[in-house]
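Below is one structure, written out as structure tokens; comments come after it.
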Amino acid sequence: MSEREPYISGVTDLPTNFSSREAQVKARADFYLAEGQRLAHTGSWAFDTAGFKYWSSELFAIHGLDPAREAPSIPEYMALVHPEDREFVAQEIEKMLVDHRGFDFTKRIVRPDGTIRHVRCVGVPAAHGEGFVGTGIDVTEQEQLTAALRKSEVELRQILDLAPQLVAVLGPARERLYANRMALEYLGTTLDAWRQRTTGFEAHPDDAERLTTVGERALTSGSTYDLEVRLRRGDGSYRWFLARYNPVRDDQGLVTRWYVACTDIDDRKRAEERIRNETIALREDLDHASMFEEIVGSSPALQRVLAQVAKVAQTDSTVLLLGETGTGKELVARAIHKRSRRSSGAFIRVNCAAIPPSLIASELFGHEKGAFTGALQRRLGRFEAADGGTIFLDEIGELPPEAQVTFLRVLQEREIERVGSSHPIAVDVRVLAATNRDLEAAVERGAFRDDLFYRLNVFPVRLPPLRERVEDIPLLVEYLVDRYAKQTGKSIRNIEKQTLRLLQTYDWPGNVRELQNVIERAVVLCEGETFAIDASWLTRKRSQPSNGTPRPVTTLVDGEKVLIEAALAESHGRVAGPLGAAAKLGIPRQTLEWKIRNLNIDKLTFRKS
């Protein structure tokens with residue numbers, strides 16, 4: 001007998017016709033079978049309605065029992081099963097006997113020494129007769145490894161759920177497999193519902209085609225790529241995200257997964273658009289530069305205004321600036337912004353009278369792509385551009401009625417809606433408004449909403465006309481002469497006293513703006529070091545000669561203007577009502593309003609102080 005062959009002893013109970021050689025072959029086969037079962041941690045068994053008929057030695061070893069004993073009875077076998085698994089195993093055995101079909105399940109056992117093992121039971125009906133044959137496989141290590149992997153997967157999912165990005169896992173063909181909790185909460189859906197959606201379902205309509213095109217190209221190349229895309233939130237609004245797609249490859253280099261991380265960049269995109277709009281607004285403002293950089297003057301009327309500005313600047317109150325054309329309403333608005341807590345934010349100027357009524361909503365609140373003919377892309381409005389800063393609405397009295405309704409809602413709710421969108425956008429904007437019109441009279445005749453007027457009239461500031469601050473004219477003249485002399489490269493050292501007297505006796509219907517124009521013209525024409533103006537520039541516009549007598553009436557228009565001004569003076573600037581100027585003149589209110597506009601009559605000058 002070879003040394004490699006196992007030593008066979010104790011061969012008994014063999015048939016009488018078995019030769020010694022046949023006995024050795026059988027013993028050798030039994031030995032190799034037992035060794036194979038030991039190495040594979042797999043035991044075999046036979047079972048019928050009476051119970052177990054056979055257990056292999058390895059099956060005894062798996063259960064921690066003595067292999068010399070007989071196969072356990074059903075009660076003994078059930079005693080070995082873990083208490084939490086006994087009901088389940090009993091049901092499987094009953095089902096096996098009733099259906100007489102194969103089975104495969106894993107249970108836990110408790111060895112006599114108290115250790116717990118996992119055993120996989122696989123059985124099939126016996127080839128001949130009743131009963132079953134099968135195996136019991138010790139899969140404890142595999143189960144422990146699976147449990148560790150499952151725990152690791154749970155921990156990984158918890159990490160992904162806590163990640164601030166929207167994270168998704170896609171299959172090799174970009175089929176949807178998993179999305180983290182942050183993504184599902186943002187999208188307002190469940191994992192199962194998300195898996196059923198198609199690629200680009202959550203993307204903005206303007207971005208969906210681009211997302212699909214880039215994705216298909218990356219799918220072909222299998223390369224990493226980034227994409228800025230707008231994703232719809234559960235409430236229907238959109239935010240900008242930077243989506244990064246990273247492929248995971250197997251040993252053969254084939255893509256097995258796509259990991260997608262979407263980082264919220266909406267604030268950055270809004271800031272970029274705000275800067276772009278501020279740049280546009282700045283370019284527009286260069287064409288409407290303020291008449292001088294600082295407020296010049298020390299008259300009591302001006303000092304009262306500056307005291308009001310100092311008090312209201314530190315608040316977020318809405319300010320309504322009232323005054324004639326050219327009194328510096330925008331300059332005061334900029335001073336309020338500069339001295340406010342919002343000084344680091346944008347100052348956006350809007351001339352309501354310069355915007356066509358059909359476009360004013362788009363200019364103020366922005367529009368979505370396709371909202372109207374010519375809206376080729378989404379555009380932020382002036383309110384969004386001023387977010388965090390101040391918006392100055394000049395000529396607010398020119399707002400059309402439909403825009404007044406929308407603007408009132410903005411003041412009340414601090415929310416806007418772009419044209420073509422139904423989703424509100426919160427804005428943090430301080431509102432400064434200005435007008436040279438009599439808003440109270442406009443409210444009376446129904447041309448301006450009273451509720452909007454009360455919203456704007458939180459802190460009214462009346463800017464005095466230049467004729468009420470005559471003592472400031474020398475300072476203004478000196479300042480403006482110096483400014484324009486530097487611009488033209490001239491050296492002007494003196495100002496004629498006669499020129500100052502002439503400038504101080506003129507009533508300046510165009511106020512500081514008119515003074516600015518006169519000074520600039522005189523500087524351009526000045527050929528020496530002494531500044532002087534041509535008296536004829538002012539005589540045609542003076543309302544009264546220096547002797548105080550009324551201006552002579554030479555035309556029908558002059559006579560009509562004198563009558564209207566006299567009626568306004570008697571009614572203290574009021575147009576409508578039984579005591580208004582229209583009633584005194586015996587003409588309709590609308591007719592009088594039309595004449596006042598065409599004759600350039602300023603009603604504010606006739607109001608009581």
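Labels for the structure tokens follow display order: chains A, B, ..., residues from 1 in each chain, ligands from 1.
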Subject >> Residues near Val305 in chain A, cut-off 12 Å, only C-alpha atoms, skip fewer than 3 positions along chain, as a VMD selection string >> reply: chain A and resid 295 297 to 302 308 to 313 321 to 323 327 to 329 332 to 333 335 to 336 459 to 465 469
Saved selection, atoms kept: C-alpha atoms, as a short mmCIF file (atom, residue, chain, number, x, y, z; two decimals), in the first residue's frame:
```cif
data_model
loop_
_atom_site.label_atom_id
_atom_site.label_comp_id
_atom_site.auth_asym_id
_atom_site.auth_seq_id
_atom_site.Cartn_x
_atom_site.Cartn_y
_atom_site.Cartn_z
CA ILE A 295 -23.78 118.68 -2.42
CA GLY A 297 -24.21 124.92 -0.23
CA SER A 298 -24.78 126.10 3.30
CA SER A 299 -28.19 127.80 3.14
CA PRO A 300 -30.73 127.00 5.88
CA ALA A 301 -33.05 125.36 3.32
CA LEU A 302 -30.30 123.00 2.19
CA GLN A 308 -33.14 114.82 7.23
CA VAL A 309 -30.79 112.81 5.02
CA ALA A 310 -28.44 112.13 7.95
CA LYS A 311 -31.31 110.79 10.05
CA VAL A 312 -32.98 108.59 7.46
CA ALA A 313 -29.81 107.25 5.81
CA LEU A 321 -37.82 112.88 -2.75
CA LEU A 322 -39.98 115.79 -3.91
CA GLY A 323 -38.81 118.79 -5.85
CA THR A 327 -32.94 120.32 -7.79
CA GLY A 328 -30.59 117.35 -7.32
CA LYS A 329 -32.96 114.55 -6.28
CA VAL A 332 -29.54 113.31 -2.53
CA ALA A 333 -30.56 109.70 -3.24
CA ALA A 335 -26.00 110.57 -0.55
CA ILE A 336 -28.60 108.50 1.34
CA PHE A 459 -40.28 109.62 4.72
CA PRO A 460 -40.86 112.53 2.31
CA VAL A 461 -38.00 114.96 1.72
CA ARG A 462 -38.71 118.18 -0.20
CA LEU A 463 -35.71 119.63 -2.01
CA PRO A 464 -35.80 123.42 -2.22
CA PRO A 465 -35.55 125.05 -5.66
CA ARG A 469 -31.35 129.05 -1.63
#
```
Original post:
Residues at most 10 Å from Arg111 in chain A, counting only C-alpha atoms, excluding those fewer than 2 positions away in the same chain, as a PyMOL selection string?
Top reply: chain A and resi 61-65+79-82+108-109+113-117
Please produce an output containing all heavy atoms for each residue in the selection, written as a short mmCIF file (atom, residue, chain, number, x, y, z; two decimals), in the first residue's frame.
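The file below, result.cif, is the result:
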```cif
data_model
loop_
_atom_site.label_atom_id
_atom_site.label_comp_id
_atom_site.auth_asym_id
_atom_site.auth_seq_id
_atom_site.Cartn_x
_atom_site.Cartn_y
_atom_site.Cartn_z
N ALA A 61 -19.35 18.09 12.94
CA ALA A 61 -18.32 19.06 13.33
C ALA A 61 -18.85 20.48 13.23
O ALA A 61 -18.54 21.34 14.06
CB ALA A 61 -17.09 18.87 12.44
N ILE A 62 -19.61 20.77 12.17
CA ILE A 62 -20.17 22.11 12.01
C ILE A 62 -21.05 22.48 13.20
O ILE A 62 -21.02 23.62 13.70
CB ILE A 62 -20.97 22.20 10.70
CG1 ILE A 62 -20.02 22.14 9.48
CG2 ILE A 62 -21.82 23.47 10.64
CD1 ILE A 62 -20.73 22.06 8.15
N HIS A 63 -21.84 21.51 13.70
CA HIS A 63 -22.75 21.78 14.81
C HIS A 63 -22.09 21.60 16.17
O HIS A 63 -22.75 21.79 17.20
CB HIS A 63 -23.97 20.86 14.72
CG HIS A 63 -24.90 21.23 13.59
ND1 HIS A 63 -24.64 20.96 12.27
CD2 HIS A 63 -26.12 21.88 13.61
CE1 HIS A 63 -25.63 21.39 11.51
NE2 HIS A 63 -26.54 21.96 12.29
N GLY A 64 -20.77 21.26 16.17
CA GLY A 64 -20.06 21.10 17.44
C GLY A 64 -20.47 19.85 18.20
O GLY A 64 -20.40 19.83 19.44
N LEU A 65 -20.88 18.78 17.49
CA LEU A 65 -21.34 17.55 18.12
C LEU A 65 -20.33 16.42 17.88
O LEU A 65 -19.50 16.49 16.97
CB LEU A 65 -22.72 17.16 17.57
CG LEU A 65 -23.84 18.19 17.76
CD1 LEU A 65 -25.12 17.70 17.07
CD2 LEU A 65 -24.09 18.45 19.24
N ALA A 79 -33.38 22.22 18.76
CA ALA A 79 -32.74 22.81 19.93
C ALA A 79 -31.41 23.46 19.56
O ALA A 79 -30.95 24.39 20.23
CB ALA A 79 -32.52 21.75 21.00
N LEU A 80 -30.78 22.95 18.47
CA LEU A 80 -29.53 23.54 18.01
C LEU A 80 -29.74 24.86 17.26
O LEU A 80 -28.83 25.67 17.13
CB LEU A 80 -28.79 22.56 17.10
CG LEU A 80 -28.29 21.27 17.75
CD1 LEU A 80 -27.79 20.30 16.68
CD2 LEU A 80 -27.17 21.58 18.75
N VAL A 81 -30.95 25.06 16.72
CA VAL A 81 -31.24 26.27 15.94
C VAL A 81 -31.34 27.48 16.88
O VAL A 81 -31.86 27.38 17.99
CB VAL A 81 -32.54 26.09 15.13
CG1 VAL A 81 -32.88 27.37 14.36
CG2 VAL A 81 -32.40 24.92 14.16
N HIS A 82 -30.85 28.62 16.40
CA HIS A 82 -30.92 29.87 17.18
C HIS A 82 -32.38 30.17 17.50
O HIS A 82 -33.26 30.02 16.65
CB HIS A 82 -30.30 31.02 16.37
CG HIS A 82 -30.04 32.25 17.16
ND1 HIS A 82 -31.03 33.13 17.56
CD2 HIS A 82 -28.88 32.77 17.65
CE1 HIS A 82 -30.52 34.13 18.24
NE2 HIS A 82 -29.19 33.94 18.31
N ARG A 108 -29.22 30.28 11.62
CA ARG A 108 -28.16 30.34 12.63
C ARG A 108 -28.34 29.17 13.61
O ARG A 108 -29.47 28.80 13.93
CB ARG A 108 -28.23 31.65 13.40
CG ARG A 108 -27.81 32.87 12.60
CD ARG A 108 -28.10 34.15 13.35
NE ARG A 108 -29.54 34.33 13.55
CZ ARG A 108 -30.08 35.32 14.26
NH1 ARG A 108 -29.30 36.20 14.88
NH2 ARG A 108 -31.38 35.42 14.38
N ILE A 109 -27.18 28.61 14.06
CA ILE A 109 -27.21 27.55 15.07
C ILE A 109 -26.40 28.00 16.27
O ILE A 109 -25.55 28.91 16.16
CB ILE A 109 -26.65 26.23 14.52
CG1 ILE A 109 -25.17 26.41 14.13
CG2 ILE A 109 -27.47 25.74 13.33
CD1 ILE A 109 -24.46 25.10 13.82
N ASP A 113 -21.01 24.88 22.94
CA ASP A 113 -20.11 25.80 23.64
C ASP A 113 -20.59 27.24 23.59
O ASP A 113 -19.90 28.15 24.07
CB ASP A 113 -18.70 25.68 23.08
CG ASP A 113 -18.62 26.08 21.61
OD1 ASP A 113 -19.67 26.45 21.04
OD2 ASP A 113 -17.52 26.00 21.03
N GLY A 114 -21.75 27.48 22.96
CA GLY A 114 -22.33 28.82 22.94
C GLY A 114 -22.00 29.64 21.72
O GLY A 114 -22.55 30.74 21.55
N THR A 115 -21.09 29.19 20.86
CA THR A 115 -20.75 29.96 19.67
C THR A 115 -21.88 29.86 18.64
O THR A 115 -22.59 28.86 18.57
CB THR A 115 -19.45 29.45 19.03
OG1 THR A 115 -19.60 28.06 18.72
CG2 THR A 115 -18.28 29.66 19.98
N ILE A 116 -22.03 30.93 17.88
CA ILE A 116 -23.10 31.00 16.88
C ILE A 116 -22.49 30.88 15.49
O ILE A 116 -21.49 31.55 15.18
CB ILE A 116 -23.88 32.32 16.99
CG1 ILE A 116 -24.56 32.42 18.36
CG2 ILE A 116 -24.92 32.46 15.88
CD1 ILE A 116 -25.24 33.75 18.61
N ARG A 117 -23.06 29.99 14.69
CA ARG A 117 -22.59 29.82 13.32
C ARG A 117 -23.77 29.98 12.36
O ARG A 117 -24.92 29.75 12.72
CB ARG A 117 -21.97 28.42 13.11
CG ARG A 117 -20.87 28.05 14.10
CD ARG A 117 -19.64 28.92 13.93
NE ARG A 117 -18.94 28.65 12.68
CZ ARG A 117 -17.84 29.28 12.28
NH1 ARG A 117 -17.32 30.24 13.05
NH2 ARG A 117 -17.26 28.98 11.13
#
```
**OP:** Could you tell me which of A:Thr488, A:Ala386, A:Thr318, A:Thr224 comes closest to Gln412 in chain A if we count only C-alpha atoms?
**Re:**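 Among the listed residues, the smallest separation from Gln412 in chain A belongs to A:Thr318.
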Subject >> Residues within 12 Å of Pro578 in chain A, only C-alpha atoms, excluding chain neighbours under 5 positions, as a VMD selection string >> reply: chain A and resid 571 583 to 589
Subject >> Backbone DSSP call of alpha helix (DSSP H) for range 27-167 of chain A, listed as a ChimeraX atom specification >> reply: /A:27-39,57-62,74-80,86-99,140-162
Original post:
range 232-242 of chain A: which residues within 7 Å, counting only C-alpha atoms, same-chain residues fewer than 4 positions away excluded, as a list of chain:residue names?
Top reply: A:Tyr186, A:Leu187, A:Gly188, A:Glu202, A:Ala203, A:His204, A:Asp226, A:Leu227, A:Glu228, A:Cys262, A:Thr263, A:Asp264, A:Ile265, A:Asp266, A:His423
How about saving the chosen residues, N, CA and C atoms kept, as a CSV table (one decimal), in the first residue's frame?
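out-v1.csv written:
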```
chain,number,residue,atom,x,y,z
A,186,TYR,N,-34.4,67.8,-2.1
A,186,TYR,CA,-34.4,69.0,-3.0
A,186,TYR,C,-35.4,68.8,-4.2
A,187,LEU,N,-35.4,67.6,-4.7
A,187,LEU,CA,-36.3,67.3,-5.9
A,187,LEU,C,-37.7,67.0,-5.4
A,188,GLY,N,-37.9,66.7,-4.1
A,188,GLY,CA,-39.3,66.5,-3.6
A,188,GLY,C,-39.8,65.2,-4.1
A,202,GLU,N,-35.3,66.6,-14.5
A,202,GLU,CA,-35.3,67.7,-13.5
A,202,GLU,C,-34.7,69.0,-14.1
A,203,ALA,N,-34.0,68.9,-15.2
A,203,ALA,CA,-33.3,70.1,-15.8
A,203,ALA,C,-34.3,71.1,-16.3
A,204,HIS,N,-33.8,72.4,-16.3
A,204,HIS,CA,-34.5,73.5,-16.9
A,204,HIS,C,-34.8,73.2,-18.4
A,226,ASP,N,-17.8,68.2,-16.6
A,226,ASP,CA,-18.6,69.2,-15.7
A,226,ASP,C,-19.6,69.9,-16.5
A,227,LEU,N,-20.7,70.3,-15.8
A,227,LEU,CA,-21.8,70.9,-16.5
A,227,LEU,C,-22.5,71.8,-15.6
A,228,GLU,N,-22.7,73.1,-16.0
A,228,GLU,CA,-23.6,74.0,-15.2
A,228,GLU,C,-25.0,73.9,-15.7
A,262,CYS,N,-23.6,67.3,-7.5
A,262,CYS,CA,-24.1,68.6,-8.0
A,262,CYS,C,-23.9,69.6,-6.8
A,263,THR,N,-23.1,70.6,-7.0
A,263,THR,CA,-22.8,71.6,-6.1
A,263,THR,C,-23.7,72.9,-6.4
A,264,ASP,N,-24.3,73.4,-5.4
A,264,ASP,CA,-25.2,74.6,-5.6
A,264,ASP,C,-24.3,75.8,-5.9
A,265,ILE,N,-24.5,76.4,-7.0
A,265,ILE,CA,-23.7,77.6,-7.4
A,265,ILE,C,-24.7,78.8,-7.7
A,266,ASP,N,-25.9,78.7,-7.2
A,266,ASP,CA,-26.9,79.7,-7.6
A,266,ASP,C,-26.5,81.1,-7.1
A,423,HIS,N,-43.0,82.1,-10.4
A,423,HIS,CA,-42.3,81.8,-9.1
A,423,HIS,C,-41.8,83.1,-8.5
```
I'd like the contact shell of range 214-221 of chain A - 12 Å cut-off, only C-alpha atoms, skipping same-chain residues fewer than 4 positions apart - returned as a compact mmCIF listing (two decimals) with C-alpha atoms, in the first residue's frame.
```txt
# COMPACT_ATOMS: atom_id res chain seq x y z
CA LEU A 170 -25.80 55.92 -12.29
CA GLY A 171 -25.25 52.66 -14.16
CA PRO A 172 -22.87 52.27 -17.12
CA ALA A 173 -25.61 53.46 -19.50
CA ARG A 174 -26.52 56.25 -17.04
CA GLU A 175 -29.52 54.36 -15.71
CA THR A 199 -32.36 61.78 -18.10
CA GLY A 200 -32.86 65.53 -17.97
CA ASP A 207 -30.72 73.22 -20.29
CA ALA A 208 -32.26 69.79 -20.96
CA GLU A 209 -31.06 69.44 -24.56
CA ARG A 210 -27.54 70.57 -23.65
CA TYR A 225 -17.02 66.11 -17.43
CA ASP A 226 -18.55 69.15 -15.69
CA LEU A 227 -21.77 70.93 -16.55
CA GLU A 228 -23.56 74.01 -15.19
CA VAL A 229 -27.27 73.28 -15.19
CA ALA A 243 -22.72 68.85 -11.95
CA ARG A 244 -19.52 66.76 -11.97
CA TYR A 245 -19.73 63.33 -13.63
CA ASN A 246 -16.97 60.84 -12.67
CA PRO A 247 -16.80 57.31 -14.18
CA GLY A 253 -11.35 49.50 -18.15
CA LEU A 254 -15.10 49.32 -18.70
CA VAL A 255 -17.30 51.92 -17.00
CA THR A 256 -19.39 50.25 -14.29
CA ARG A 257 -20.75 53.33 -12.52
CA TRP A 258 -21.13 57.08 -12.91
CA VAL A 260 -22.55 62.55 -10.00
```
